[in-house]
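J.: Have a look at the structure that comes next, please.
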Amino acid sequence: MKRTALLALVLTGCTAGGRRPPASSAASSTAVADENAFVELHGQRVPDPFRALEDVSAPATTSWRAAQEERLASFLADVPGRTELKRRLAELSRFRVDSPPLAAGERLFFTRREPGETSGSLYALDGSTAPPRLLLDLRSAGTDRRIAMLAPRPDGAAVLVGTTRGKSRWIELALLDVASGRLGDPVARTHTLGGAPAWRRDGLGFYFVKYPEPAPGQEATAPVSEPRLAFREASTGREEVVYVPEKKVTLAAATSPDGRWLVVSETPADAPGNRLLVADLSRPGLRFDTLEMGGAAVTWLGNHGSTGFLFTNAGAPRGRIVRAELGAAAASPWVDVVPEGREAIAGGSAVGGNVVGYFGGRFVAAYLKDGTQVLRVFSESGAFERELPLPKAGAVWALAGSSDRKELYFQTLALADPGTVHVLDVETMSVVPFFLASSPIRPDEIEVEHVFVTSGDGTRVPMFVAHRRGLAKDGGRPAYVYGYGAFGWVSFIWYQPKVLAWLEMGGVYAQPSIRGGGEYGEEWHRAGTGANRINGLRDFEASLDWLVASGWTSRSRLVVNGGSASAPLAANVLLDRPNGAGAVVIDRPILDLLRFDRFTQGAYWAGELGSPQKAEDFALLRAWSPYHNIRAGTCYAPTLVVSGDRDQTAVPSHAYKFTAALQRGQGCANPVLLKVVHGADHNYGVVPEEAADAYGDELAFLTRVLGSALTGVKTPSQPTP
């Protein structure tokens, strides 16, 4: 029975027959196998033969990883043009990019990363006509610290700077004096899960999310749990925990620009939606009122006095903007300001990219038209005022502004745009570039098509197809296809050096907006999760079929790709169609779905992926978990798995265990290889050296397994004809 059908049986509530453990085939992987290792859940024992690879620093793991690296190096040693390819990738990774500025007092604060730098520097603009003033340059300190978050004090005289060390997700908070440029000693620690600190309006202290410290040496793998909201006085250092959740949640805090309201977002780890806790800081004591609509997303946008404005998908899967009277929130009805429309608002993603807010007395929201974005501006009463088009296939990724200022700063990302910052005056409706990102490629070299694919159940699925302008559709182009379909994320195309190099080499890049994403709102998201996860697989496979049928490529020149939360998608395409593509590339992966919740922030994905600890989710995860469903003796397509060895999001053991299991189960001579990006975290490839290392080997692998299909990579600084 085809795996799609088998998965459908399990995901809809039926059970399928058991699978035998993979047979031995790769000596290096067999050496670390333990046939007595099992996962025991809900009365079942599931084989886990490569459990030992979870200890990424153990001598046996280190030896196994070294053997994998030698194997990859040998496979790629004679790939022609590999050196030139890596040089071009390094060049494509050298660009300047700035963050949307944050306003405080009369100043603007932003970070800037110059071409080739590994960390951004902090700058201030002292007035609209002043040149940028460098405040903090961590490069000169000779450390491995990076700026991870900023929280300017309301008067603009100081900035709370959050920095990380190495590739850690743990953040040290320190206060920087703007006049002197002096950065004080760390005053607190938080985690990227908790978001930026929130200052009290008087500047005497700030709220932040704190976590129990991991044991020494366990920071890279220990679960991140038990958040608490704390308040710290800036001058005395006195710290007080002001809110303790009753169950496993993530927390984030904000204060309103007028200083009156403290807003805490509380998102459960194992269920959809969230709730807001709102406290009136003008009253003595700290008493929270709750704003929630069970199982729905609720986002604080701002306030006008005691009227709070919220985004929610409660009763409106495509999203709406509502108002509620604060202070009596439990009894206050929510009144539509901007009702649900035909298109969805990009406001419900759990992995960022939410583009909706209340700025200078107006609402600004990104609406989605078949996965493409337009910005719409509404008055405080909800009247439509203007629509602003955005780059084709690109998106707005970040908004920076507040309800008491008319300037809204936002960043656009696109295939040839690493991140241009614009400023919108919500009173005059003028939009002008504020910071132009440098780009080593011209937008007119690339063409992006917007097409539609019919999925197996008749659903119409949007897809972007990018290629070099004027490229002939001759049926033989290698086609690299990336899918995500999780957490409600809207699948736009952003700047990626490997994609640009791939296009220069004559390849086609495709990105379908499969179910599980947020392209059509919460209904589209839920249509690809839980028992509906099979829909995302069908959508992805239909996209592969469309590219072949449309004449772009052939089955043997398809490249299937997924990463992070979409790694199970790409891996399940491999398992469902073992030799249905020319190659499979899986990066930053989450592939063991029965133990993902035991590491770092994995437990907080249970609301999206399901929880192995719940009997009702176990069968779904057992059927969908790629590591546990490799069929011994099957001939699988050539596969490359890529992982940063310091990834604290998708810990490297996912990549190691799946690679070992697939090598042992491989039933033919097709290669199964592992690429370890040394010193890299979940976002590897940001700096030129990492990009050249990681993406150079990935594209060299594809060049080797696809034969002579890829040619013509530019040499560094080669002009376009």
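Ligands are numbered from 1 in the order shown, chains are lettered A, B, ... in the order of the structure tokens, and residues start at 1 in each chain.
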Can you list, as a list in words, every residue of stretch 68-220 of chain A that DSSP puts in alpha helix (DSSP H)?
T.: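 Alpha helix (DSSP H) members of stretch 68-220 of chain A, listed: Gln68, Glu69, Glu70, Arg71, Leu72, Ala73, Ser74, Phe75, Leu76, Arg82, Thr83, Glu84, Leu85, Lys86, Arg87, Arg88, Leu89, Ala90, Glu91 and Leu92 of chain A.
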J.: Go ahead and write the residues just picked, C-alpha atoms, as a short mmCIF file (atom, residue, chain, number, x, y, z; two decimals), in the first residue's frame.
T.:
data_model
loop_
_atom_site.label_atom_id
_atom_site.label_comp_id
_atom_site.auth_asym_id
_atom_site.auth_seq_id
_atom_site.Cartn_x
_atom_site.Cartn_y
_atom_site.Cartn_z
CA GLN A 68 29.86 11.04 8.14
CA GLU A 69 31.88 14.15 7.33
CA GLU A 70 34.61 12.09 5.67
CA ARG A 71 31.99 10.29 3.63
CA LEU A 72 30.47 13.57 2.41
CA ALA A 73 33.88 15.07 1.62
CA SER A 74 34.79 12.02 -0.45
CA PHE A 75 31.50 12.15 -2.35
CA LEU A 76 31.94 15.82 -3.24
CA ARG A 82 32.79 23.59 -6.49
CA THR A 83 35.35 26.23 -5.52
CA GLU A 84 33.78 28.86 -7.78
CA LEU A 85 30.34 27.96 -6.46
CA LYS A 86 31.41 28.53 -2.87
CA ARG A 87 32.97 31.86 -3.76
CA ARG A 88 29.77 32.98 -5.45
CA LEU A 89 27.68 31.92 -2.46
CA ALA A 90 29.94 33.92 -0.16
CA GLU A 91 29.48 36.94 -2.40
CA LEU A 92 25.70 36.54 -2.46
#
J.: A:Gly120: which residues within 6 Å, counting only C-alpha atoms, same-chain residues fewer than 2 positions away excluded, as a list in words?
T.: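 Contacts, with the query itself left out: Thr111, Arg112 and Arg113 of chain A.
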J.: For the residues selected in the previous step, produce a file with N, CA and C atoms as a PDB file, in the first residue's frame.
T.:
ATOM      1  N   THR A 111      19.568  48.283  14.491  1.00  0.00           N
ATOM      2  CA  THR A 111      20.792  47.513  14.310  1.00  0.00           C
ATOM      3  C   THR A 111      21.140  47.475  12.831  1.00  0.00           C
ATOM      4  N   ARG A 112      22.427  47.409  12.561  1.00  0.00           N
ATOM      5  CA  ARG A 112      22.914  47.330  11.176  1.00  0.00           C
ATOM      6  C   ARG A 112      23.966  46.229  11.091  1.00  0.00           C
ATOM      7  N   ARG A 113      23.787  45.369  10.088  1.00  0.00           N
ATOM      8  CA  ARG A 113      24.804  44.363   9.813  1.00  0.00           C
ATOM      9  C   ARG A 113      25.431  44.664   8.459  1.00  0.00           C
TER      10      ARG A 113
END
J.: Kindly indicate which residue among A:Ser566, A:Thr703, A:Ser653, A:Ser550 lies nearest to A:Ala583, using only C-alpha atoms for the distances.
T.: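 Nearest candidate to A:Ala583 out of A:Ser566, A:Thr703, A:Ser653, A:Ser550: A:Thr703.
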J.: Quick one: contact table of stretch 324-388 of chain A to stretch 292-313 of chain A, 7 Å max, nearest atom pair and distance in Å to one decimal per residue, counting only C-alpha atoms, chain and number order, as a Markdown table?
T.:
| residue | atom | partner | partner_atom | distance |
| --- | --- | --- | --- | --- |
| A:Ala324 | CA | A:Gly308 | CA | 5.3 |
| A:Glu325 | CA | A:Thr307 | CA | 4.7 |
| A:Leu326 | CA | A:Ser306 | CA | 5.3 |
| A:Gly348 | CA | A:Ala297 | CA | 6.4 |
| A:Gly357 | CA | A:Leu301 | CA | 4.9 |
| A:Tyr358 | CA | A:Leu301 | CA | 5.3 |
J.: Using only C-alpha atoms, which of the listed residues (A:Arg460, A:Arg169, A:Arg133, A:His525) sits closest to A:Ala346?
T.: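 Looking at the shortest contact to A:Ala346, the residue is A:His525.
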J.: Tell me, as a PyMOL selection string, which residues lie within 12 Å of A:Trp397, counting only C-alpha atoms; anything in the same chain fewer than 4 positions away does not count.
T.: chain A and resi 99-100+346-347+349+351-356+365-366+373+375+390+409-414+418-422+489-494
J.: Check stretch 402-635 of chain A with DSSP on the backbone and list each residue it calls strand (DSSP E), as a ChimeraX atom specification.
T.: /A:407-414,417-425,431-435,446-454,460-468,479-482,508-512,558-563,583-587
J.: List the neighbours of stretch 254-258 of chain A out to 10 Å using only C-alpha atoms; skip same-chain residues closer than 4 positions along the sequence, and give me the result as a list in words.
T.: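 Listed by chain and then number, they are Pro154, Gly195, Ala196, Pro197, Ala198, Trp199, Arg200, Arg201, Phe206, Tyr207, Phe208, Leu262, Val263, Val264, Ser265, Val278, Ala279, Leu281, Trp300, Leu301, Gly302, Asn303, His304, Gly305, Gly308, Ser402, Ser403, Asp404 and Arg405 of chain A.
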J.: Keeping only C-alpha atoms, take the residues you just selected and write them out as a compact mmCIF listing (two decimals), in the first residue's frame.
T.:
# COMPACT_ATOMS: atom_id res chain seq x y z
CA PRO A 154 10.64 55.45 26.93
CA GLY A 195 10.27 38.17 23.62
CA ALA A 196 11.65 41.63 24.38
CA PRO A 197 11.35 43.25 27.83
CA ALA A 198 8.69 45.93 28.39
CA TRP A 199 9.55 49.18 30.18
CA ARG A 200 7.25 50.89 32.59
CA ARG A 201 6.38 54.36 31.28
CA PHE A 206 10.98 46.79 33.19
CA TYR A 207 9.02 43.55 32.90
CA PHE A 208 10.68 40.48 31.43
CA LEU A 262 0.46 45.93 31.11
CA VAL A 263 -0.45 43.21 28.62
CA VAL A 264 0.75 39.62 28.91
CA SER A 265 0.20 37.06 26.15
CA VAL A 278 -4.39 42.96 31.02
CA ALA A 279 -3.59 44.95 34.17
CA LEU A 281 -0.94 50.04 36.11
CA TRP A 300 -2.88 43.16 21.42
CA LEU A 301 -2.71 46.01 18.89
CA GLY A 302 -2.93 49.07 21.15
CA ASN A 303 -5.35 51.27 23.02
CA HIS A 304 -7.06 54.62 23.08
CA GLY A 305 -7.58 55.35 26.75
CA GLY A 308 -8.28 48.21 23.76
CA SER A 402 3.22 52.72 18.24
CA SER A 403 -0.23 54.16 18.72
CA ASP A 404 1.15 57.60 19.70
CA ARG A 405 3.37 58.13 16.64
J.: One decimal, in Å: what's the spacing between atom CA of A:Ala680 and atom CA of A:Ala220?
T.: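 Interatomic distance, atom CA of A:Ala680 to atom CA of A:Ala220: 12.4 Å.
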J.: If I take atom CA of A:Leu575 and atom CA of A:Phe596, how far is one from the other in Å, to one decimal?
T.: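 Distance between the two atoms: 19.8 Å.
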J.: Pick the closest to A:Gly194 from A:Phe231, A:Ala174, A:Tyr656, A:Ala253: which is it, counting only C-alpha atoms?
T.: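 Smallest separation from A:Gly194 among the options: A:Ala253.
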J.: Which residues are near A:Ser513? Cut-off 7 Å, only C-alpha atoms, ignore same chain within fewer than 5 positions. Put them as a list in words.
T.: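 The residues satisfying every condition are Gly371, Val461, Pro462, Met463, Gly485, Ser491 and Glu519 of chain A.
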J.: Just the selected residues (C-alpha atoms), exported as an mmCIF file, in the first residue's frame, please.
T.:
data_model
loop_
_atom_site.group_PDB
_atom_site.id
_atom_site.type_symbol
_atom_site.label_atom_id
_atom_site.label_comp_id
_atom_site.auth_asym_id
_atom_site.auth_seq_id
_atom_site.Cartn_x
_atom_site.Cartn_y
_atom_site.Cartn_z
ATOM 1 C CA GLY A 371 -0.444 34.031 -0.619
ATOM 2 C CA VAL A 461 -3.096 25.519 -3.997
ATOM 3 C CA PRO A 462 -1.058 28.653 -4.886
ATOM 4 C CA MET A 463 2.598 28.260 -5.811
ATOM 5 C CA GLY A 485 2.819 24.190 5.775
ATOM 6 C CA SER A 491 4.909 30.917 2.555
ATOM 7 C CA GLU A 519 -2.398 31.821 3.287
#
J.: Excluding A:Pro578 and any residue of its chain fewer than 2 positions from it, enumerate the residues within 12 Å of it, using only C-alpha atoms, and give them as a ChimeraX atom specification.
T.: /A:2-4,556,560,570-576,580-584,630-639,662,665-668,670
J.: Please dump the current selection as a compact mmCIF listing (two decimals), in the first residue's frame; keep N, CA and C atoms.
T.:
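Okay, this is what ended up in again32.txt:
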# COMPACT_ATOMS: atom_id res chain seq x y z
N LYS A 2 0.57 2.25 -0.85
CA LYS A 2 1.34 3.48 -0.92
C LYS A 2 1.24 4.21 0.42
N ARG A 3 2.36 4.84 0.81
CA ARG A 3 2.40 5.46 2.14
C ARG A 3 1.37 6.56 2.30
N THR A 4 1.04 7.30 1.23
CA THR A 4 0.00 8.32 1.35
C THR A 4 -1.30 7.70 1.83
N SER A 556 13.14 12.84 -12.57
CA SER A 556 14.49 12.55 -12.09
C SER A 556 15.27 13.82 -11.75
N VAL A 560 13.36 17.71 -3.69
CA VAL A 560 12.38 17.91 -2.61
C VAL A 560 13.11 18.48 -1.41
N ALA A 570 9.01 16.90 3.98
CA ALA A 570 9.94 16.45 2.94
C ALA A 570 10.31 14.99 3.14
N ALA A 571 10.54 14.59 4.40
CA ALA A 571 10.91 13.20 4.67
C ALA A 571 9.77 12.25 4.32
N ASN A 572 8.53 12.67 4.57
CA ASN A 572 7.41 11.80 4.23
C ASN A 572 7.15 11.74 2.73
N VAL A 573 7.52 12.79 1.98
CA VAL A 573 7.50 12.67 0.51
C VAL A 573 8.49 11.59 0.10
N LEU A 574 9.68 11.60 0.71
CA LEU A 574 10.68 10.57 0.43
C LEU A 574 10.16 9.18 0.75
N LEU A 575 9.51 9.02 1.90
CA LEU A 575 9.00 7.72 2.31
C LEU A 575 7.82 7.28 1.45
N ASP A 576 7.00 8.24 1.02
CA ASP A 576 5.83 7.91 0.20
C ASP A 576 6.21 7.62 -1.24
N GLY A 580 10.86 8.88 -6.26
CA GLY A 580 10.05 9.75 -7.10
C GLY A 580 10.65 11.11 -7.35
N ALA A 581 11.91 11.30 -6.95
CA ALA A 581 12.60 12.57 -7.17
C ALA A 581 14.06 12.29 -7.43
N GLY A 582 14.75 13.29 -7.99
CA GLY A 582 16.17 13.12 -8.23
C GLY A 582 16.99 13.25 -6.97
N ALA A 583 16.48 14.00 -5.98
CA ALA A 583 17.21 14.21 -4.73
C ALA A 583 16.26 14.77 -3.68
N VAL A 584 16.62 14.56 -2.42
CA VAL A 584 15.90 15.12 -1.28
C VAL A 584 16.91 15.80 -0.38
N ILE A 630 10.99 4.32 8.32
CA ILE A 630 11.86 3.93 7.20
C ILE A 630 11.69 2.43 6.96
N ARG A 631 11.48 2.06 5.72
CA ARG A 631 11.24 0.66 5.36
C ARG A 631 12.54 0.04 4.86
N ALA A 632 13.03 -0.96 5.59
CA ALA A 632 14.29 -1.59 5.25
C ALA A 632 14.26 -2.18 3.85
N GLY A 633 15.36 -2.02 3.11
CA GLY A 633 15.48 -2.61 1.80
C GLY A 633 14.84 -1.82 0.68
N THR A 634 14.25 -0.66 1.00
CA THR A 634 13.64 0.20 -0.02
C THR A 634 14.71 1.07 -0.65
N CYS A 635 14.62 1.27 -1.96
CA CYS A 635 15.57 2.14 -2.65
C CYS A 635 15.06 3.57 -2.58
N TYR A 636 15.69 4.36 -1.72
CA TYR A 636 15.30 5.76 -1.54
C TYR A 636 16.15 6.68 -2.42
N ALA A 637 15.57 7.81 -2.79
CA ALA A 637 16.28 8.79 -3.61
C ALA A 637 17.53 9.29 -2.89
N PRO A 638 18.53 9.78 -3.61
CA PRO A 638 19.69 10.39 -2.97
C PRO A 638 19.25 11.47 -1.98
N THR A 639 19.79 11.42 -0.77
CA THR A 639 19.31 12.29 0.31
C THR A 639 20.48 12.94 1.03
N LEU A 662 18.23 5.96 7.99
CA LEU A 662 18.04 5.88 6.55
C LEU A 662 19.23 5.19 5.88
N GLY A 665 18.71 1.56 6.40
CA GLY A 665 17.57 1.01 5.68
C GLY A 665 17.68 1.12 4.18
N GLN A 666 18.63 1.92 3.65
CA GLN A 666 18.74 2.15 2.21
C GLN A 666 18.95 0.82 1.48
N GLY A 667 18.13 0.61 0.43
CA GLY A 667 18.17 -0.66 -0.28
C GLY A 667 18.85 -0.60 -1.63
N CYS A 668 19.56 0.47 -1.93
CA CYS A 668 20.27 0.58 -3.21
C CYS A 668 21.49 1.47 -3.01
N ASN A 670 22.03 4.54 -3.93
CA ASN A 670 21.82 5.98 -3.81
C ASN A 670 22.40 6.49 -2.49
J.: Extract, using only C-alpha atoms, all DNA, RNA and protein residues at most 10 Å from A:Asp280, discarding same-chain residues fewer than 4 positions from it, and format them as a PyMOL selection string.
T.: chain A and resi 259-263+284-289+306+326-327
J.: What does the structure give for the distance between atom CA of A:Ala691 and atom CA of A:Arg94, in Å to one decimal?
T.: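 Atom-to-atom, atom CA of A:Ala691 and atom CA of A:Arg94 are spaced 9.9 Å apart.
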J.: Calculated over only C-alpha atoms, which of the candidates A:Val79, A:Ala188, A:Ala565, A:Ala383 has the smallest distance to A:Gly483?
T.: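 Among A:Val79, A:Ala188, A:Ala565, A:Ala383, it is A:Ala565 that comes nearest to A:Gly483.
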